[in-house]
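Accompanying notes for the structure given below.
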Number of protein chains: 2
Amino acid sequence: MRTFNDTLLRAARGEQTEHTPVWYMRQAGRSQPEYREIKEKYSLEEITMQPELCAYVTRLPVEQYDVDAAILYKDIVTPLPGIGVDVKIKSGIGPVISNPIRSAADVEKLGEFNAKEHTPFVLDTIKMLTEEQLNVPLIGFGGAPFTLASYMIEGGPSRNYAKTKSFMVSQPQAWFKLMDKLADMIIADITAQVEAGAKAVQIFDSWVGALHVEDYRIFIKPTMTRIFGELRQLNVPIIQFGVGASHLVKEWHDLPVDVVGLDWRLPIREAAARGVTKAVQGNLDPTLLLADWPVIEARAKDIIDQGIAHTGGHIFNLGHGVFPEVDPAVLKRLTTFIHEYSREAKANLK
Amino acid sequence: MRTFNDTLLRAARGEQTEHTPVWYMRQAGRSQPEYREIKEKYSLEEITMQPELCAYVTRLPVEQYDVDAAILYKDIVTPLPGIGVDVKIKSGIGPVISNPIRSAADVEKLGEFNAKEHTPFVLDTIKMLTEEQLNVPLIGFGGAPFTLASYMIEGGPSRNYAKTKSFMVSQPQAWFKLMDKLADMIIADITAQVEAGAKAVQIFDSWVGALHVEDYRIFIKPTMTRIFGELRQLNVPIIQFGVGASHLVKEWHDLPVDVVGLDWRLPIREAAARGVTKAVQGNLDPTLLLADWPVIEARAKDIIDQGIAHTGGHIFNLGHGVFPEVDPAVLKRLTTFIHEYSREAKANLK
């Protein structure tokens, strides 16, 4: 049996590590030929409902790239049908919802989430992975209320979240009720994932960067404080992540989380200058994986150096998910480079 | 003859004004029934090529809303055919380009822009507007090189600008050649617009917020410094604008511009805290125009107050363009409110 690699967990807690741990958002997925083959036969929903297959997809990049964590293969909308949301993930589009939320009455209709009843397959996949040969932490995850609400109110992906914001500011009472119900769902979902064996948690508030700082403080932060406050009791590191949210990183730092996830826009040292002293995760621009290797290496080096200088700790990642066009060999080479370069740089510091 | 209202020009230069000047991006357009009627008969390109019609469309919101500036009705891609780019604006999609840039050779093929030859209709529209009854400044405008290049390289609108960024970092020499050629075009275009009568200029770098701060410094800023350095000699106020670029506002402040345009994410006081002491423009979230009036009024009030406290000067605007769904009566009411509330607040300060 191989030794368990807990580098990511230690880095998330701000402890010293021998190398900079790394994983990639969407590491299990579109860029892998093995995955694309499976995807020709099954939809995302169908894969998540078959624990053996889902565990295989989740494990694949760990074995291929030697990354320091696995991330459960599923979607942030996976728990939504459990509370009564009719959601389908359409290829090339994203989640599409046939019964969007338009009123306080629609919010009232949402049910209560029960992981064992609604997503037993997720728990089975986690158990299978953790009881088996996985020698790195499995990251469980969920979508944050704003991001989930944006799909539920718009009825699908959106460019500007006009309906969501309009609902938020014009029907604040219904909005907070919706936030509360989604918070309950997320807490139940994540708790079950951790009880099944997930060793860290990432909360995706992917689209919350569309909000004004003060709207974030008024309409989002109280709910996030409650969610993270409760998840803290699970004693696993918590990572907060979103895209296009450079103006919110200090707000996130102030939440009871362990790691602030950065997209690719803000250098780690500038996040630190804005008060983010906790561990950070990120932040290579995922589009750069389509560039030539010298460009990738130079950027990775700079990010590793900034991460080592960041006393709170650093987990290497991309600023967003891996694009389908990325060559898996590049991810393998990058992972090796991050491990070797950071190991040497950290050794030289001593 | 009515007195010329130069409030916007004075605010842009950081001078005291009796009220906070206001205009709205896309004030002439999709939200106006009169415009939609015209649009049923003519495309955007066809409207811009008919100076009488284009001047009418440009003037319409000035008369309806009593805003403090007109903005020329056209698109940022309007000059591109002049340099050999085959672009069509497709309704509901945006600019689509049939001959995208993929190599250094494609960049070489781009021609030189001549406003009198390539866009005489734009100059005729401006002359018509300024010689006529327009009693507010006409704002001329153009797209910045990164934003134009993103359409030219991707072949149309993009979610992630992967091809553009990959071109930028992997073929830097061709990239800088492209930036240079687009800079030449913009300088020629804007110079002609100002000579024809435009009294202020806005440069839209709408999508540059997709870049990492350091990429902005390396691949974009030198070109922007040259463009603004040359445009400065025209002696009209220059406004820089882009969306999702909260991480770049200090970079913009450091450019030779008069006004830093803010989208809706960053409060004016937080932009000031990041070193933006010049005049600012913005920044009501355009989606809030779909909310109830008390919400709009409260937000507008807060922005006006922050603008008055901002010693560099303030021009009220939205953080992005008016949505098609917005009721023109709301824009009229908001304009009146901005004028009246700011006049009173400024008078009370004395």
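Every chain in the structure tokens has a letter given in the order shown (A, B, ...), and although residue numbers restart at 1 in each chain, ligands are simply numbered from 1 in the order shown.
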
Mobile chain A placed on reference chain B by ordered C-alpha fit, as a short mmCIF file (atom, residue, chain, number, x, y, z; two decimals) with C-alpha atoms, in the first residue's frame:
```cif
data_model
loop_
_atom_site.label_atom_id
_atom_site.label_comp_id
_atom_site.auth_asym_id
_atom_site.auth_seq_id
_atom_site.Cartn_x
_atom_site.Cartn_y
_atom_site.Cartn_z
CA MET A 1 -30.56 79.02 -29.51
CA ARG A 2 -30.08 77.08 -26.31
CA THR A 3 -26.96 77.49 -24.18
CA PHE A 4 -24.33 74.82 -24.64
CA ASN A 5 -24.21 72.49 -21.62
CA ASP A 6 -20.53 71.75 -21.00
CA THR A 7 -21.00 70.15 -17.56
CA LEU A 8 -19.59 66.81 -18.69
CA LEU A 9 -16.44 68.40 -20.11
CA ARG A 10 -15.80 70.31 -16.91
CA ALA A 11 -16.41 67.28 -14.70
CA ALA A 12 -14.05 65.23 -16.86
CA ARG A 13 -11.33 67.80 -16.24
CA GLY A 14 -11.94 67.69 -12.49
CA GLU A 15 -13.54 71.16 -12.37
CA GLN A 16 -16.46 72.02 -10.11
CA THR A 17 -19.90 71.62 -11.67
CA GLU A 18 -23.40 72.65 -10.51
CA HIS A 19 -24.71 69.14 -10.96
CA THR A 20 -23.33 65.67 -11.64
CA PRO A 21 -23.37 65.16 -15.41
CA VAL A 22 -24.84 61.92 -16.72
CA TRP A 23 -25.07 59.86 -19.89
CA TYR A 24 -25.71 56.17 -20.42
CA MET A 25 -23.78 53.69 -22.47
CA ARG A 26 -26.17 52.43 -25.18
CA GLN A 27 -28.57 55.27 -24.39
CA ALA A 28 -29.26 55.37 -28.14
CA GLY A 29 -30.48 51.94 -28.93
CA ARG A 30 -32.26 48.77 -28.02
CA SER A 31 -34.38 50.12 -25.17
CA GLN A 32 -36.02 52.82 -27.30
CA PRO A 33 -39.19 51.97 -29.23
CA GLU A 34 -38.34 54.59 -31.89
CA TYR A 35 -34.99 52.90 -32.43
CA ARG A 36 -36.45 49.41 -32.55
CA GLU A 37 -38.78 50.54 -35.30
CA ILE A 38 -35.87 51.80 -37.38
CA LYS A 39 -33.96 48.61 -36.62
CA GLU A 40 -36.72 46.54 -38.19
CA LYS A 41 -35.87 48.17 -41.51
CA TYR A 42 -32.12 48.73 -41.27
CA SER A 43 -29.09 46.95 -39.81
CA LEU A 44 -26.63 48.76 -37.53
CA GLU A 45 -24.27 49.14 -40.48
CA GLU A 46 -27.04 50.57 -42.64
CA ILE A 47 -28.01 53.10 -39.97
CA THR A 48 -24.43 54.30 -39.51
CA MET A 49 -24.08 54.78 -43.25
CA GLN A 50 -27.05 57.19 -43.42
CA PRO A 51 -25.90 60.35 -41.61
CA GLU A 52 -29.40 61.87 -41.23
CA LEU A 53 -30.77 58.69 -39.71
CA CYS A 54 -27.68 58.09 -37.59
CA ALA A 55 -27.78 61.66 -36.28
CA TYR A 56 -31.46 61.21 -35.43
CA VAL A 57 -30.75 58.00 -33.47
CA THR A 58 -27.82 59.66 -31.68
CA ARG A 59 -29.90 62.73 -30.75
CA LEU A 60 -33.02 60.89 -29.65
CA PRO A 61 -32.00 60.03 -26.04
CA VAL A 62 -30.51 63.49 -25.50
CA GLU A 63 -33.89 65.03 -26.20
CA GLN A 64 -35.89 62.34 -24.40
CA TYR A 65 -33.81 62.02 -21.23
CA ASP A 66 -32.04 65.39 -21.06
CA VAL A 67 -28.66 63.70 -20.55
CA ASP A 68 -25.48 65.76 -20.51
CA ALA A 69 -23.85 64.14 -23.53
CA ALA A 70 -24.63 62.39 -26.77
CA ILE A 71 -22.67 59.36 -27.85
CA LEU A 72 -22.26 58.70 -31.52
CA TYR A 73 -24.35 55.77 -32.73
CA LYS A 74 -22.00 53.20 -34.29
CA ASP A 75 -20.02 50.17 -33.19
CA ILE A 76 -16.43 49.68 -32.10
CA VAL A 77 -15.93 47.49 -35.17
CA THR A 78 -17.13 50.20 -37.59
CA PRO A 79 -13.58 51.15 -38.75
CA LEU A 80 -12.40 47.54 -39.18
CA PRO A 81 -13.56 46.96 -42.79
CA GLY A 82 -11.31 49.91 -43.70
CA ILE A 83 -8.22 47.90 -42.81
CA GLY A 84 -9.44 44.73 -44.51
CA VAL A 85 -11.43 42.94 -41.81
CA ASP A 86 -14.58 41.28 -43.11
CA VAL A 87 -16.93 41.91 -40.20
CA LYS A 88 -20.71 41.64 -39.96
CA ILE A 89 -22.72 42.51 -36.86
CA LYS A 90 -25.18 39.67 -36.31
CA SER A 91 -28.25 40.51 -34.28
CA GLY A 92 -28.24 38.77 -30.89
CA ILE A 93 -24.66 37.57 -31.38
CA GLY A 94 -22.37 40.52 -32.06
CA PRO A 95 -19.53 41.08 -34.53
CA VAL A 96 -18.69 38.00 -36.58
CA ILE A 97 -15.50 37.99 -38.66
CA SER A 98 -15.04 35.69 -41.64
CA ASN A 99 -11.27 36.18 -42.03
CA PRO A 100 -9.86 35.80 -38.50
CA ILE A 101 -6.24 36.56 -37.69
CA ARG A 102 -4.27 33.37 -37.12
CA SER A 103 -0.69 34.23 -38.04
CA ALA A 104 1.89 36.98 -38.40
CA ALA A 105 1.13 36.91 -42.15
CA ASP A 106 -2.53 37.73 -41.44
CA VAL A 107 -1.40 40.70 -39.37
CA GLU A 108 0.87 41.90 -42.18
CA LYS A 109 -2.07 41.92 -44.59
CA LEU A 110 -4.00 44.52 -42.57
CA GLY A 111 -4.16 47.87 -44.33
CA GLU A 112 -3.96 51.47 -43.20
CA PHE A 113 -7.05 53.31 -41.99
CA ASN A 114 -8.20 56.54 -43.56
CA ALA A 115 -11.34 57.99 -41.99
CA LYS A 116 -12.28 60.22 -44.93
CA GLU A 117 -12.02 57.31 -47.30
CA HIS A 118 -13.31 54.43 -45.14
CA THR A 119 -15.91 56.00 -42.82
CA PRO A 120 -16.92 59.35 -44.38
CA PHE A 121 -20.48 58.69 -43.13
CA VAL A 122 -19.24 58.80 -39.50
CA LEU A 123 -17.65 62.19 -40.08
CA ASP A 124 -20.76 63.46 -41.87
CA THR A 125 -22.94 62.37 -38.94
CA ILE A 126 -20.68 64.16 -36.47
CA LYS A 127 -20.64 67.35 -38.54
CA MET A 128 -24.40 67.25 -38.90
CA LEU A 129 -24.83 66.84 -35.14
CA THR A 130 -22.37 69.49 -34.07
CA GLU A 131 -23.41 72.10 -36.62
CA GLU A 132 -27.04 71.52 -35.72
CA GLN A 133 -28.99 71.96 -32.57
CA LEU A 134 -27.11 69.54 -30.28
CA ASN A 135 -26.60 71.52 -27.06
CA VAL A 136 -24.45 68.91 -25.26
CA PRO A 137 -21.02 67.50 -26.09
CA LEU A 138 -20.90 64.67 -28.58
CA ILE A 139 -18.70 61.80 -27.39
CA GLY A 140 -16.73 60.10 -30.13
CA PHE A 141 -15.45 56.62 -29.46
CA GLY A 142 -13.43 53.63 -30.54
CA GLY A 143 -12.48 50.14 -29.42
CA ALA A 144 -9.10 49.49 -27.83
CA PRO A 145 -6.63 47.13 -29.52
CA PHE A 146 -7.08 44.16 -27.15
CA THR A 147 -10.85 44.20 -27.45
CA LEU A 148 -10.80 44.57 -31.24
CA ALA A 149 -8.06 41.95 -31.53
CA SER A 150 -10.17 39.52 -29.50
CA TYR A 151 -12.92 39.67 -32.15
CA MET A 152 -10.39 39.51 -34.96
CA ILE A 153 -8.58 36.47 -33.55
CA GLU A 154 -11.56 34.53 -32.16
CA GLY A 155 -13.68 35.35 -35.23
CA GLY A 156 -16.48 36.70 -33.02
CA PRO A 157 -17.52 37.15 -29.39
CA SER A 158 -15.86 34.79 -26.92
CA ARG A 159 -16.33 33.59 -23.37
CA ASN A 160 -12.69 33.01 -22.53
CA TYR A 161 -10.50 34.59 -25.24
CA ALA A 162 -8.39 31.42 -25.36
CA LYS A 163 -7.18 31.92 -28.95
CA THR A 164 -6.43 35.60 -28.30
CA LYS A 165 -4.37 34.97 -25.18
CA SER A 166 -2.61 32.04 -26.73
CA PHE A 167 -1.68 34.19 -29.76
CA MET A 168 -0.55 36.99 -27.43
CA VAL A 169 1.83 34.90 -25.32
CA SER A 170 3.03 32.50 -28.02
CA GLN A 171 3.54 34.97 -30.89
CA PRO A 172 4.47 38.17 -29.06
CA GLN A 173 6.12 39.75 -32.09
CA ALA A 174 3.02 39.32 -34.26
CA TRP A 175 0.88 40.43 -31.30
CA PHE A 176 2.72 43.73 -30.90
CA LYS A 177 2.57 44.30 -34.64
CA LEU A 178 -1.21 43.79 -34.45
CA MET A 179 -1.47 46.14 -31.45
CA ASP A 180 0.53 48.74 -33.37
CA LYS A 181 -1.63 48.52 -36.46
CA LEU A 182 -4.82 48.79 -34.43
CA ALA A 183 -3.35 51.69 -32.46
CA ASP A 184 -2.63 53.50 -35.73
CA MET A 185 -6.21 52.88 -36.83
CA ILE A 186 -7.69 54.13 -33.57
CA ILE A 187 -5.53 57.24 -33.49
CA ALA A 188 -6.54 58.10 -37.08
CA ASP A 189 -10.20 57.32 -36.43
CA ILE A 190 -10.48 59.30 -33.19
CA THR A 191 -8.49 62.22 -34.56
CA ALA A 192 -10.91 62.46 -37.48
CA GLN A 193 -13.92 62.22 -35.14
CA VAL A 194 -12.58 65.07 -33.00
CA GLU A 195 -11.70 67.19 -36.05
CA ALA A 196 -15.27 66.67 -37.27
CA GLY A 197 -16.64 67.95 -33.96
CA ALA A 198 -16.57 65.31 -31.20
CA LYS A 199 -15.92 67.07 -27.89
CA ALA A 200 -14.84 64.09 -25.76
CA VAL A 201 -13.64 60.57 -26.46
CA GLN A 202 -14.28 57.20 -24.87
CA ILE A 203 -12.06 54.22 -25.58
CA PHE A 204 -13.78 50.89 -24.97
CA ASP A 205 -11.39 48.19 -23.86
CA SER A 206 -14.47 46.20 -22.99
CA TRP A 207 -12.92 42.73 -22.58
CA VAL A 208 -9.39 43.50 -21.36
CA GLY A 209 -10.47 42.59 -17.81
CA ALA A 210 -9.98 38.97 -18.89
CA LEU A 211 -6.23 39.52 -18.55
CA HIS A 212 -3.90 39.01 -15.61
CA VAL A 213 -2.57 42.33 -14.24
CA GLU A 214 0.96 41.54 -15.36
CA ASP A 215 -0.17 40.51 -18.85
CA TYR A 216 -1.90 43.87 -19.06
CA ARG A 217 1.35 45.60 -18.13
CA ILE A 218 3.42 43.65 -20.64
CA PHE A 219 1.12 43.16 -23.63
CA ILE A 220 -1.36 46.05 -23.50
CA LYS A 221 -0.18 49.03 -21.52
CA PRO A 222 2.64 50.17 -23.85
CA THR A 223 0.16 50.43 -26.75
CA MET A 224 -2.45 52.21 -24.63
CA THR A 225 0.20 54.67 -23.44
CA ARG A 226 1.07 55.49 -27.03
CA ILE A 227 -2.59 55.84 -28.10
CA PHE A 228 -3.56 58.12 -25.23
CA GLY A 229 -0.31 60.07 -25.51
CA GLU A 230 -1.19 60.94 -29.11
CA LEU A 231 -4.90 61.55 -28.47
CA ARG A 232 -4.01 63.97 -25.68
CA GLN A 233 -2.83 66.43 -28.26
CA LEU A 234 -6.43 66.76 -29.46
CA ASN A 235 -7.28 68.59 -26.22
CA VAL A 236 -10.53 66.78 -25.51
CA PRO A 237 -11.23 64.75 -22.37
CA ILE A 238 -10.41 61.05 -22.75
CA ILE A 239 -12.37 58.34 -20.95
CA GLN A 240 -11.03 54.78 -20.62
CA PHE A 241 -13.62 52.05 -20.07
CA GLY A 242 -13.84 48.27 -19.68
CA VAL A 243 -15.92 45.66 -17.85
CA GLY A 244 -14.81 43.18 -15.17
CA ALA A 245 -11.55 45.02 -14.75
CA SER A 246 -11.55 46.00 -11.07
CA HIS A 247 -8.02 44.59 -10.87
CA LEU A 248 -6.85 47.04 -13.57
CA VAL A 249 -8.23 50.40 -12.43
CA LYS A 250 -4.92 51.60 -11.03
CA GLU A 251 -3.20 50.67 -14.31
CA TRP A 252 -5.77 52.77 -16.15
CA HIS A 253 -5.34 55.67 -13.76
CA ASP A 254 -1.64 55.66 -14.58
CA LEU A 255 -2.34 56.04 -18.32
CA PRO A 256 -2.54 59.56 -19.83
CA VAL A 257 -6.36 59.65 -19.64
CA ASP A 258 -8.71 62.11 -17.95
CA VAL A 259 -11.43 59.78 -16.74
CA VAL A 260 -11.35 56.20 -15.45
CA GLY A 261 -14.56 54.37 -16.37
CA LEU A 262 -15.72 51.90 -13.73
CA ASP A 263 -18.08 49.02 -14.28
CA TRP A 264 -20.58 48.33 -11.48
CA ARG A 265 -18.47 46.02 -9.34
CA LEU A 266 -16.17 48.42 -7.54
CA PRO A 267 -17.58 51.29 -5.48
CA ILE A 268 -16.05 54.67 -6.35
CA ARG A 269 -14.60 55.00 -2.86
CA GLU A 270 -12.83 51.63 -3.23
CA ALA A 271 -11.44 52.66 -6.61
CA ALA A 272 -10.15 55.81 -4.90
CA ALA A 273 -8.61 53.68 -2.14
CA ARG A 274 -6.71 51.82 -4.88
CA GLY A 275 -5.18 55.05 -6.13
CA VAL A 276 -7.72 56.28 -8.67
CA THR A 277 -7.67 59.98 -7.88
CA LYS A 278 -8.57 61.16 -11.40
CA ALA A 279 -12.19 61.74 -12.47
CA VAL A 280 -14.26 58.57 -12.55
CA GLN A 281 -17.26 57.59 -14.63
CA GLY A 282 -19.96 55.19 -13.54
CA ASN A 283 -21.24 53.00 -12.04
CA LEU A 284 -24.81 51.88 -11.47
CA ASP A 285 -25.31 48.18 -12.19
CA PRO A 286 -27.35 48.23 -15.45
CA THR A 287 -29.37 45.23 -14.32
CA LEU A 288 -30.73 47.34 -11.46
CA LEU A 289 -32.66 49.44 -13.99
CA LEU A 290 -34.99 46.42 -14.06
CA ALA A 291 -35.62 46.74 -10.31
CA ASP A 292 -38.26 48.86 -8.57
CA TRP A 293 -37.72 52.63 -8.41
CA PRO A 294 -36.87 52.84 -4.67
CA VAL A 295 -33.97 50.43 -5.25
CA ILE A 296 -32.72 52.48 -8.22
CA GLU A 297 -33.04 55.76 -6.33
CA ALA A 298 -31.17 54.47 -3.28
CA ARG A 299 -28.32 53.16 -5.43
CA ALA A 300 -28.14 56.31 -7.54
CA LYS A 301 -28.03 58.43 -4.40
CA ASP A 302 -25.16 56.44 -2.98
CA ILE A 303 -23.21 56.71 -6.24
CA ILE A 304 -23.84 60.47 -6.50
CA ASP A 305 -22.70 60.93 -2.89
CA GLN A 306 -19.54 58.95 -3.52
CA GLY A 307 -18.98 60.91 -6.73
CA ILE A 308 -19.29 64.25 -4.96
CA ALA A 309 -16.84 63.06 -2.29
CA HIS A 310 -14.43 61.99 -5.03
CA THR A 311 -12.33 65.10 -5.47
CA GLY A 312 -11.12 64.14 -8.96
CA GLY A 313 -14.60 64.57 -10.45
CA HIS A 314 -17.48 62.29 -11.39
CA ILE A 315 -19.63 61.57 -14.43
CA PHE A 316 -22.65 59.42 -13.70
CA ASN A 317 -23.15 56.43 -15.97
CA LEU A 318 -24.02 52.76 -15.81
CA GLY A 319 -21.38 50.12 -15.32
CA HIS A 320 -22.22 48.79 -18.81
CA GLY A 321 -24.80 49.36 -21.56
CA VAL A 322 -28.57 49.81 -21.10
CA PHE A 323 -30.41 46.48 -21.50
CA PRO A 324 -33.11 46.21 -24.18
CA GLU A 325 -35.74 45.48 -21.49
CA VAL A 326 -35.28 48.83 -19.72
CA ASP A 327 -38.24 51.22 -19.77
CA PRO A 328 -37.21 54.61 -21.25
CA ALA A 329 -39.35 56.28 -18.56
CA VAL A 330 -36.95 54.89 -15.95
CA LEU A 331 -33.97 56.48 -17.71
CA LYS A 332 -35.81 59.79 -17.86
CA ARG A 333 -36.73 59.63 -14.18
CA LEU A 334 -33.19 58.62 -13.21
CA THR A 335 -31.66 61.48 -15.20
CA THR A 336 -33.94 64.01 -13.53
CA PHE A 337 -33.17 62.54 -10.13
CA ILE A 338 -29.40 62.67 -10.71
CA HIS A 339 -29.60 66.31 -11.79
CA GLU A 340 -31.84 67.44 -8.94
CA TYR A 341 -30.31 65.44 -6.13
CA SER A 342 -26.72 66.31 -7.08
CA ARG A 343 -27.56 70.00 -7.56
CA GLU A 344 -28.99 70.15 -4.07
CA ALA A 345 -26.18 68.11 -2.50
CA LYS A 346 -23.53 70.26 -4.15
CA ALA A 347 -25.30 73.48 -3.12
CA ASN A 348 -25.46 72.28 0.48
CA LEU A 349 -21.71 71.70 0.48
CA LYS A 350 -20.97 75.36 -0.15
#
```

**Prompt:** Hey, what does DSSP flag as helix (DSSP H, G or I) within region 83-192 of chain B? Can you give it to me as a ChimeraX atom specification?
**Reply:** /B:83,104-108,115-118,120-131,145-154,162-170,172-192

**Message:** If DSSP is run on the backbone, what residues of region 116-337 of chain B are strand (DSSP E or B)? A reply as number ranges by chain would be ideal.
**Reply:** B: 138-143, 200-204, 238-241, 259-261, 279-284, 314-318
